[in-house]
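final-v5.cif (mmCIF, C-alpha atoms and all ligand atoms)
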```cif
data_input
#
loop_
_atom_site.group_PDB
_atom_site.id
_atom_site.type_symbol
_atom_site.label_atom_id
_atom_site.label_comp_id
_atom_site.auth_asym_id
_atom_site.auth_seq_id
_atom_site.Cartn_x
_atom_site.Cartn_y
_atom_site.Cartn_z
ATOM 1 C CA MET W 1 25.411 32.253 15.461
ATOM 2 C CA PRO W 2 25.547 30.799 18.956
ATOM 3 C CA ILE W 3 26.184 27.228 17.788
ATOM 4 C CA GLU W 4 29.000 26.717 20.250
ATOM 5 C CA GLU W 5 26.903 28.070 23.123
ATOM 6 C CA ASN W 6 23.935 25.883 22.206
ATOM 7 C CA LEU W 7 26.120 22.825 21.939
ATOM 8 C CA LEU W 8 27.898 23.325 25.242
ATOM 9 C CA GLN W 9 24.644 24.095 26.988
ATOM 10 C CA ILE W 10 23.022 20.885 25.727
ATOM 11 C CA LYS W 11 26.110 18.816 26.499
ATOM 12 C CA SER W 12 26.180 20.098 30.066
ATOM 13 C CA GLN W 13 22.697 18.641 30.547
ATOM 14 C CA LEU W 14 23.453 15.179 29.194
ATOM 15 C CA PRO W 15 24.274 12.334 31.566
ATOM 16 C CA ASP W 16 27.679 10.676 30.957
ATOM 17 C CA ASN W 17 26.140 7.603 29.367
ATOM 18 C CA VAL W 18 24.254 9.567 26.711
ATOM 19 C CA THR W 19 25.907 10.252 23.352
ATOM 20 C CA LEU W 20 25.059 13.383 21.393
ATOM 21 C CA VAL W 21 24.606 13.161 17.639
ATOM 22 C CA ALA W 22 24.621 16.687 16.182
ATOM 23 C CA VAL W 23 22.073 16.564 13.365
ATOM 24 C CA SER W 24 23.525 18.803 10.674
ATOM 25 C CA LYS W 25 21.277 18.058 7.685
ATOM 26 C CA THR W 26 20.745 21.051 5.362
ATOM 27 C CA LYS W 27 23.337 23.105 7.284
ATOM 28 C CA PRO W 28 26.464 24.499 5.587
ATOM 29 C CA ILE W 29 29.993 23.269 6.334
ATOM 30 C CA GLU W 30 30.855 26.430 8.278
ATOM 31 C CA ASP W 31 28.115 25.656 10.804
ATOM 32 C CA LEU W 32 29.373 22.117 11.200
ATOM 33 C CA MET W 33 32.930 23.396 11.613
ATOM 34 C CA GLU W 34 31.797 25.678 14.386
ATOM 35 C CA ALA W 35 30.418 22.668 16.228
ATOM 36 C CA TYR W 36 33.600 20.736 15.399
ATOM 37 C CA HIS W 37 35.771 23.453 16.921
ATOM 38 C CA ALA W 38 33.586 23.327 20.012
ATOM 39 C CA GLY W 39 34.543 19.665 20.329
ATOM 40 C CA GLN W 40 31.694 17.874 18.548
ATOM 41 C CA ARG W 41 32.827 14.787 16.618
ATOM 42 C CA ILE W 42 29.568 12.952 15.854
ATOM 43 C CA PHE W 43 27.330 14.306 13.120
ATOM 44 C CA GLY W 44 24.066 12.936 11.771
ATOM 45 C CA GLU W 45 22.770 13.376 8.234
ATOM 46 C CA ASN W 46 19.703 11.985 6.502
ATOM 47 C CA LYS W 47 20.791 12.069 2.849
ATOM 48 C CA ILE W 48 23.684 9.991 1.587
ATOM 49 C CA GLN W 49 24.837 12.462 -1.024
ATOM 50 C CA GLU W 50 24.906 15.377 1.404
ATOM 51 C CA MET W 51 26.706 13.280 4.002
ATOM 52 C CA THR W 52 29.296 12.166 1.424
ATOM 53 C CA GLU W 53 29.987 15.731 0.318
ATOM 54 C CA LYS W 54 30.451 16.858 3.920
ATOM 55 C CA TRP W 55 32.618 13.848 4.738
ATOM 56 C CA GLN W 56 34.890 14.728 1.816
ATOM 57 C CA GLN W 57 35.331 18.306 2.948
ATOM 58 C CA MET W 58 35.614 17.868 6.705
ATOM 59 C CA PRO W 59 38.240 16.524 9.128
ATOM 60 C CA LYS W 60 38.530 12.764 9.109
ATOM 61 C CA ASP W 61 38.179 12.223 12.851
ATOM 62 C CA ILE W 62 34.428 12.821 12.566
ATOM 63 C CA GLU W 63 31.971 9.951 13.048
ATOM 64 C CA TRP W 64 29.192 10.136 10.468
ATOM 65 C CA HIS W 65 25.835 8.678 11.365
ATOM 66 C CA MET W 66 23.096 8.061 8.810
ATOM 67 C CA ILE W 67 19.860 8.884 10.601
ATOM 68 C CA GLY W 68 17.455 8.990 7.669
ATOM 69 C CA HIS W 69 15.610 6.404 5.686
ATOM 70 C CA VAL W 70 18.046 4.531 3.452
ATOM 71 C CA GLN W 71 17.414 3.230 -0.039
ATOM 72 C CA SER W 72 19.153 -0.053 -0.737
ATOM 73 C CA ASN W 73 20.605 1.093 -4.041
ATOM 74 C CA LYS W 74 22.496 3.928 -2.343
ATOM 75 C CA VAL W 75 24.029 1.951 0.511
ATOM 76 C CA LYS W 76 27.270 1.401 -1.378
ATOM 77 C CA TYR W 77 28.137 5.110 -1.411
ATOM 78 C CA MET W 78 28.371 5.454 2.362
ATOM 79 C CA ILE W 79 29.964 2.145 3.334
ATOM 80 C CA PRO W 80 33.554 3.461 3.063
ATOM 81 C CA TYR W 81 33.065 5.916 5.902
ATOM 82 C CA VAL W 82 29.725 5.615 7.720
ATOM 83 C CA LYS W 83 30.072 4.752 11.409
ATOM 84 C CA LEU W 84 26.491 3.960 12.388
ATOM 85 C CA ILE W 85 23.268 3.543 10.398
ATOM 86 C CA HIS W 86 20.286 4.381 12.615
ATOM 87 C CA GLY W 87 17.240 3.701 10.485
ATOM 88 C CA VAL W 88 17.523 0.081 9.368
ATOM 89 C CA ASP W 89 14.012 -1.251 9.069
ATOM 90 C CA SER W 90 14.089 -4.333 6.891
ATOM 91 C CA LEU W 91 15.998 -7.550 6.395
ATOM 92 C CA LYS W 92 16.399 -6.573 2.753
ATOM 93 C CA LEU W 93 18.236 -3.388 3.688
ATOM 94 C CA LEU W 94 20.364 -5.192 6.234
ATOM 95 C CA LYS W 95 21.289 -7.727 3.554
ATOM 96 C CA GLU W 96 22.452 -5.000 1.208
ATOM 97 C CA ILE W 97 24.462 -3.294 3.969
ATOM 98 C CA ASN W 98 26.117 -6.611 4.757
ATOM 99 C CA ARG W 99 26.782 -7.343 1.087
ATOM 100 C CA GLN W 100 28.460 -3.980 0.563
ATOM 101 C CA ALA W 101 30.345 -4.250 3.852
ATOM 102 C CA VAL W 102 31.775 -7.575 2.695
ATOM 103 C CA ARG W 103 32.875 -5.979 -0.582
ATOM 104 C CA TRP W 104 34.639 -3.178 1.292
ATOM 105 C CA ARG W 105 35.959 -5.555 3.982
ATOM 106 C CA LYS W 106 34.337 -3.429 6.659
ATOM 107 C CA ASN W 107 32.153 -4.036 9.671
ATOM 108 C CA ILE W 108 29.158 -1.751 9.856
ATOM 109 C CA ASN W 109 27.209 -0.963 13.002
ATOM 110 C CA CYS W 110 23.438 -0.637 12.654
ATOM 111 C CA LEU W 111 20.426 0.252 14.757
ATOM 112 C CA LEU W 112 17.072 -1.306 13.945
ATOM 113 C CA GLN W 113 14.312 1.256 13.720
ATOM 114 C CA ILE W 114 11.159 0.345 15.605
ATOM 115 C CA HIS W 115 7.819 1.894 14.750
ATOM 116 C CA ILE W 116 6.539 3.513 17.944
ATOM 117 C CA ALA W 117 4.597 6.543 16.675
ATOM 118 C CA GLU W 118 0.922 6.712 15.850
ATOM 119 C CA GLU W 119 1.571 8.163 12.427
ATOM 120 C CA GLU W 120 1.500 5.664 9.608
ATOM 121 C CA THR W 121 4.223 7.560 7.800
ATOM 122 C CA LYS W 122 7.046 6.895 10.223
ATOM 123 C CA PHE W 123 9.225 3.983 9.193
ATOM 124 C CA GLY W 124 10.113 1.057 11.348
ATOM 125 C CA LEU W 125 9.581 -2.555 12.337
ATOM 126 C CA ASP W 126 6.943 -3.685 14.776
ATOM 127 C CA GLU W 127 7.902 -6.051 17.557
ATOM 128 C CA ASN W 128 6.921 -9.195 15.671
ATOM 129 C CA GLU W 129 8.966 -8.168 12.673
ATOM 130 C CA LEU W 130 11.924 -7.457 14.938
ATOM 131 C CA GLU W 131 11.650 -10.884 16.508
ATOM 132 C CA GLU W 132 11.380 -12.529 13.123
ATOM 133 C CA LEU W 133 14.377 -10.636 11.764
ATOM 134 C CA LEU W 134 16.617 -11.421 14.720
ATOM 135 C CA ASN W 135 15.680 -15.087 14.618
ATOM 136 C CA SER W 136 16.125 -15.548 10.900
ATOM 137 C CA ASP W 137 18.974 -17.695 9.657
ATOM 138 C CA GLU W 138 19.678 -15.081 7.046
ATOM 139 C CA PHE W 139 20.381 -12.490 9.715
ATOM 140 C CA LYS W 140 22.440 -14.863 11.819
ATOM 141 C CA GLY W 141 24.582 -15.604 8.777
ATOM 142 C CA MET W 142 25.523 -11.986 8.147
ATOM 143 C CA THR W 143 29.231 -11.622 8.800
ATOM 144 C CA ASN W 144 29.934 -7.910 8.400
ATOM 145 C CA ILE W 145 27.174 -6.107 10.222
ATOM 146 C CA LYS W 146 26.503 -5.695 13.890
ATOM 147 C CA VAL W 147 23.180 -4.601 15.351
ATOM 148 C CA ILE W 148 24.158 -2.565 18.411
ATOM 149 C CA GLY W 149 20.804 -1.116 19.340
ATOM 150 C CA LEU W 150 17.379 0.239 18.497
ATOM 151 C CA MET W 151 16.122 3.577 17.232
ATOM 152 C CA GLY W 152 12.697 5.169 17.386
ATOM 153 C CA MET W 153 10.831 8.382 16.720
ATOM 154 C CA ALA W 154 7.873 9.425 18.813
ATOM 155 C CA THR W 155 4.669 10.878 17.420
ATOM 156 C CA PHE W 156 4.895 14.573 16.510
ATOM 157 C CA THR W 157 2.632 15.924 19.233
ATOM 158 C CA ASP W 158 2.622 18.220 22.256
ATOM 159 C CA ASN W 159 1.138 15.463 24.353
ATOM 160 C CA GLN W 160 4.046 14.595 26.668
ATOM 161 C CA GLU W 161 2.222 11.610 28.134
ATOM 162 C CA GLN W 162 1.864 10.025 24.745
ATOM 163 C CA ILE W 163 5.511 10.624 23.834
ATOM 164 C CA LYS W 164 6.538 9.151 27.162
ATOM 165 C CA LYS W 165 4.405 6.063 26.594
ATOM 166 C CA GLU W 166 6.031 5.524 23.198
ATOM 167 C CA PHE W 167 9.565 5.915 24.549
ATOM 168 C CA GLN W 168 8.780 3.577 27.434
ATOM 169 C CA TYR W 169 7.374 1.018 25.042
ATOM 170 C CA LEU W 170 10.585 1.091 23.007
ATOM 171 C CA LYS W 171 12.663 0.804 26.174
ATOM 172 C CA SER W 172 10.705 -2.296 27.154
ATOM 173 C CA ILE W 173 11.490 -3.908 23.794
ATOM 174 C CA PHE W 174 15.117 -2.875 24.160
ATOM 175 C CA ASP W 175 15.327 -4.466 27.622
ATOM 176 C CA LYS W 176 13.694 -7.620 26.378
ATOM 177 C CA TYR W 177 16.251 -8.174 23.623
ATOM 178 C CA LYS W 178 19.263 -6.788 25.490
ATOM 179 C CA SER W 179 20.180 -10.181 26.851
ATOM 180 C CA LEU W 180 20.354 -11.613 23.355
ATOM 181 C CA ASN W 181 24.070 -11.945 22.841
ATOM 182 C CA THR W 182 24.884 -13.293 19.440
ATOM 183 C CA THR W 183 27.886 -12.559 17.232
ATOM 184 C CA ASN W 184 26.131 -9.890 15.243
ATOM 185 C CA CYS W 185 23.562 -8.625 17.748
ATOM 186 C CA GLN W 186 24.361 -6.994 21.065
ATOM 187 C CA LEU W 187 22.009 -4.212 22.029
ATOM 188 C CA ASN W 188 23.688 -1.433 23.993
ATOM 189 C CA THR W 189 22.429 1.715 22.247
ATOM 190 C CA LEU W 190 18.950 3.210 22.409
ATOM 191 C CA SER W 191 18.646 6.107 19.958
ATOM 192 C CA THR W 192 15.654 8.229 20.914
ATOM 193 C CA GLY W 193 15.116 11.923 21.472
ATOM 194 C CA MET W 194 15.375 15.033 19.281
ATOM 195 C CA SER W 195 15.366 18.759 20.068
ATOM 196 C CA GLY W 196 11.810 18.766 21.348
ATOM 197 C CA ASP W 197 11.811 15.616 23.423
ATOM 198 C CA TYR W 198 15.343 14.583 24.345
ATOM 199 C CA GLN W 199 14.978 15.219 28.066
ATOM 200 C CA LEU W 200 11.951 12.979 28.177
ATOM 201 C CA ALA W 201 13.777 10.409 26.047
ATOM 202 C CA ILE W 202 16.689 10.355 28.503
ATOM 203 C CA ASP W 203 14.277 9.875 31.398
ATOM 204 C CA CYS W 204 12.952 6.892 29.449
ATOM 205 C CA GLY W 205 16.357 5.272 28.965
ATOM 206 C CA SER W 206 17.802 6.865 25.826
ATOM 207 C CA THR W 207 21.570 6.475 25.421
ATOM 208 C CA MET W 208 21.871 8.436 22.172
ATOM 209 C CA VAL W 209 20.076 11.680 21.334
ATOM 210 C CA ARG W 210 19.858 13.160 17.837
ATOM 211 C CA ILE W 211 19.669 16.934 18.137
ATOM 212 C CA GLY W 212 19.553 19.350 15.227
ATOM 213 C CA SER W 213 17.611 22.598 15.509
ATOM 214 C CA SER W 214 18.475 23.236 19.168
ATOM 215 C CA ILE W 215 22.138 23.325 18.118
ATOM 216 C CA PHE W 216 22.116 24.772 14.611
ATOM 217 C CA GLY W 217 18.849 26.704 14.580
ATOM 218 C CA ASN W 218 15.735 26.012 12.574
ATOM 219 C CA ARG W 219 16.009 24.465 9.139
ATOM 220 C CA ASN W 220 14.303 26.061 6.157
HETATM 221 C C1 LIG Q 1 16.041 15.873 11.592
HETATM 222 C C2 LIG Q 1 16.103 14.696 12.494
HETATM 223 C C3 LIG Q 1 16.460 14.845 13.845
HETATM 224 C C4 LIG Q 1 16.739 16.180 14.496
HETATM 225 O O1 LIG Q 1 15.573 16.922 14.647
HETATM 226 P P1 LIG Q 1 15.546 18.288 15.502
HETATM 227 O O2 LIG Q 1 14.138 18.432 15.893
HETATM 228 O O3 LIG Q 1 16.026 19.367 14.604
HETATM 229 O O4 LIG Q 1 16.454 18.096 16.687
HETATM 230 C C5 LIG Q 1 16.555 13.693 14.619
HETATM 231 N N1 LIG Q 1 16.312 12.466 14.100
HETATM 232 C C6 LIG Q 1 15.981 12.293 12.817
HETATM 233 C C7 LIG Q 1 15.736 10.915 12.319
HETATM 234 C C8 LIG Q 1 15.860 13.389 11.974
HETATM 235 O O5 LIG Q 1 15.514 13.201 10.690
#
```

Would you put the structure from the file into structure tokens?
Ligand SMILES: *Cc1c(COP(=O)(O)O)cnc(C)c1O
Amino acid sequence: MPIEENLLQIKSQLPDNVTLVAVSKTKPIEDLMEAYHAGQRIFGENKIQEMTEKWQQMPKDIEWHMIGHVQSNKVKYMIPYVKLIHGVDSLKLLKEINRQAVRWRKNINCLLQIHIAEEETKFGLDENELEELLNSDEFKGMTNIKVIGLMGMATFTDNQEQIKKEFQYLKSIFDKYKSLNTTNCQLNTLSTGMSGDYQLAIDCGSTMVRIGSSIFGNRN
């Protein structure tokens, strides 16, 4: 398997300010270890149980990112080790993350997921909900979480113009709220772009790409 080759090839194309999250969901430990030996230290998973099992078995200098939709009742299992939660899309979820973070005496970094795709099925806040969340006293009172950026997923389509429009829209929201500098909200990370659209995402201001199949091959 040319995992190392794929990884190095992708990395050579990324600007210095763009962070690569290697999306390893469904892949076996040996594949992840191959990427690890090639220097990769940030891995993204979308299921808490799978991420926990991999965390237990793998070197402890890895940063684990939760990129999938998170159920509140499972938050507690990842708090001991998760570095960044990408898909936070409600105040309720943020509350639970903060509550568990307090229990574990940890500070957890989060990205708020914004709905930018046409599909109804993709999770995320719209701009009004984002505004409301950031302005709520409940959010401002959260002591153990920090919102460090936004995350979005474009529509699954071949239409590059549409994808570009969606990424640009998210970038405009990001820029609008970037100047907001409160204790628990400082936007510096824009997580957009996957195997099929990361170059376009970078052109539209992405600072963090989440790439799976172009590194590890197709998933079953
Ligand atoms: C699976 C997944 C990715 C990676 O997708 P690829 O097309 O394999 O690069 C990125 N982001 C999220 C949220 C995912 O669930």

Q: Select the residues contacting ligand LIG 1 (chain Q) at a distance of at most 6 Å, based on all atoms listed in the file, then format the selection as a list in words.
A: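 Those within range of ligand LIG 1 (chain Q) are Val23, Ile67, Gly68, Met194, Ser195, Gly196, Arg210, Ile211, Gly212 and Ser213 of chain W.
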
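CA of Ala154 (chain W) is positioned 18.0 Å from CA of Gly44 (chain W).
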
Q: Choose the residue, out of W:Met151, W:Ile145, W:Ile202, W:Met33, that has the smallest atom-to-atom separation from Val18 (chain W); count only C-alpha atoms.
A: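 Closest residue, counting only C-alpha atoms: W:Ile202.
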
Do a neighbour search on Ser191 (chain W) at 6 Å with only C-alpha atoms, toss out local chain neighbours closer than 5 positions, and write the hits as a short mmCIF file (atom, residue, chain, number, x, y, z; two decimals) with C-alpha atoms, keeping the file's coordinate frame.
```cif
data_model
loop_
_atom_site.label_atom_id
_atom_site.label_comp_id
_atom_site.auth_asym_id
_atom_site.auth_seq_id
_atom_site.Cartn_x
_atom_site.Cartn_y
_atom_site.Cartn_z
CA MET W 151 16.12 3.58 17.23
CA SER W 206 17.80 6.86 25.83
CA MET W 208 21.87 8.44 22.17
CA VAL W 209 20.08 11.68 21.33
#
```

Would you mind listing what lies within 10 Å of Ser90 (chain W) as a tab-separated table (two decimals) with C-alpha atoms, in the frame of the given file, with all atoms listed in the file counted and same-chain residues fewer than 4 positions away left out?
```tsv
chain	number	residue	atom	x	y	z
W	94	LEU	CA	20.36	-5.19	6.23
W	95	LYS	CA	21.29	-7.73	3.55
W	112	LEU	CA	17.07	-1.31	13.94
W	113	GLN	CA	14.31	1.26	13.72
W	123	PHE	CA	9.22	3.98	9.19
W	124	GLY	CA	10.11	1.06	11.35
W	125	LEU	CA	9.58	-2.56	12.34
W	129	GLU	CA	8.97	-8.17	12.67
W	130	LEU	CA	11.92	-7.46	14.94
W	133	LEU	CA	14.38	-10.64	11.76
```

Q | Contacts of Lys27 (chain W) at 10 Å (all atoms listed in the file; same-chain gap of 6+ positions) as an NGL selection string | A | :W and (45 or 50 or 212 or 216-220)

Just the residues within 9 Å of Tyr77 (chain W), please, counting all atoms listed in the file, with nothing from its chain fewer than 6 positions along; format it as a PDB file with C-alpha atoms, in the frame of the given file.
```pdb
ATOM      1  CA  ILE W  48      23.684   9.991   1.587  1.00  0.00           C
ATOM      2  CA  GLN W  49      24.837  12.462  -1.024  1.00  0.00           C
ATOM      3  CA  THR W  52      29.296  12.166   1.424  1.00  0.00           C
TER       4      THR W  52
END
```

(Q) Excluding Leu14 (chain W) and its own-chain neighbours fewer than 2 positions away, which residues fall within 12 Å of it when counting only C-alpha atoms? Please give them as JSON, numbers by chain. (A) {"W": [7, 8, 9, 10, 11, 12, 16, 17, 18, 19, 20, 21, 193, 198, 199, 200, 201, 202, 203, 206, 207, 208, 209, 211]}

Q) Could you spell out the hits of the PyMOL selection byres (((chain W and resi 35) around 12) and not hetatm) on the shown file, as a VMD selection string? A) chain W and resid 1 to 8 11 20 to 24 27 to 34 36 to 43 58 62 212 215 to 216
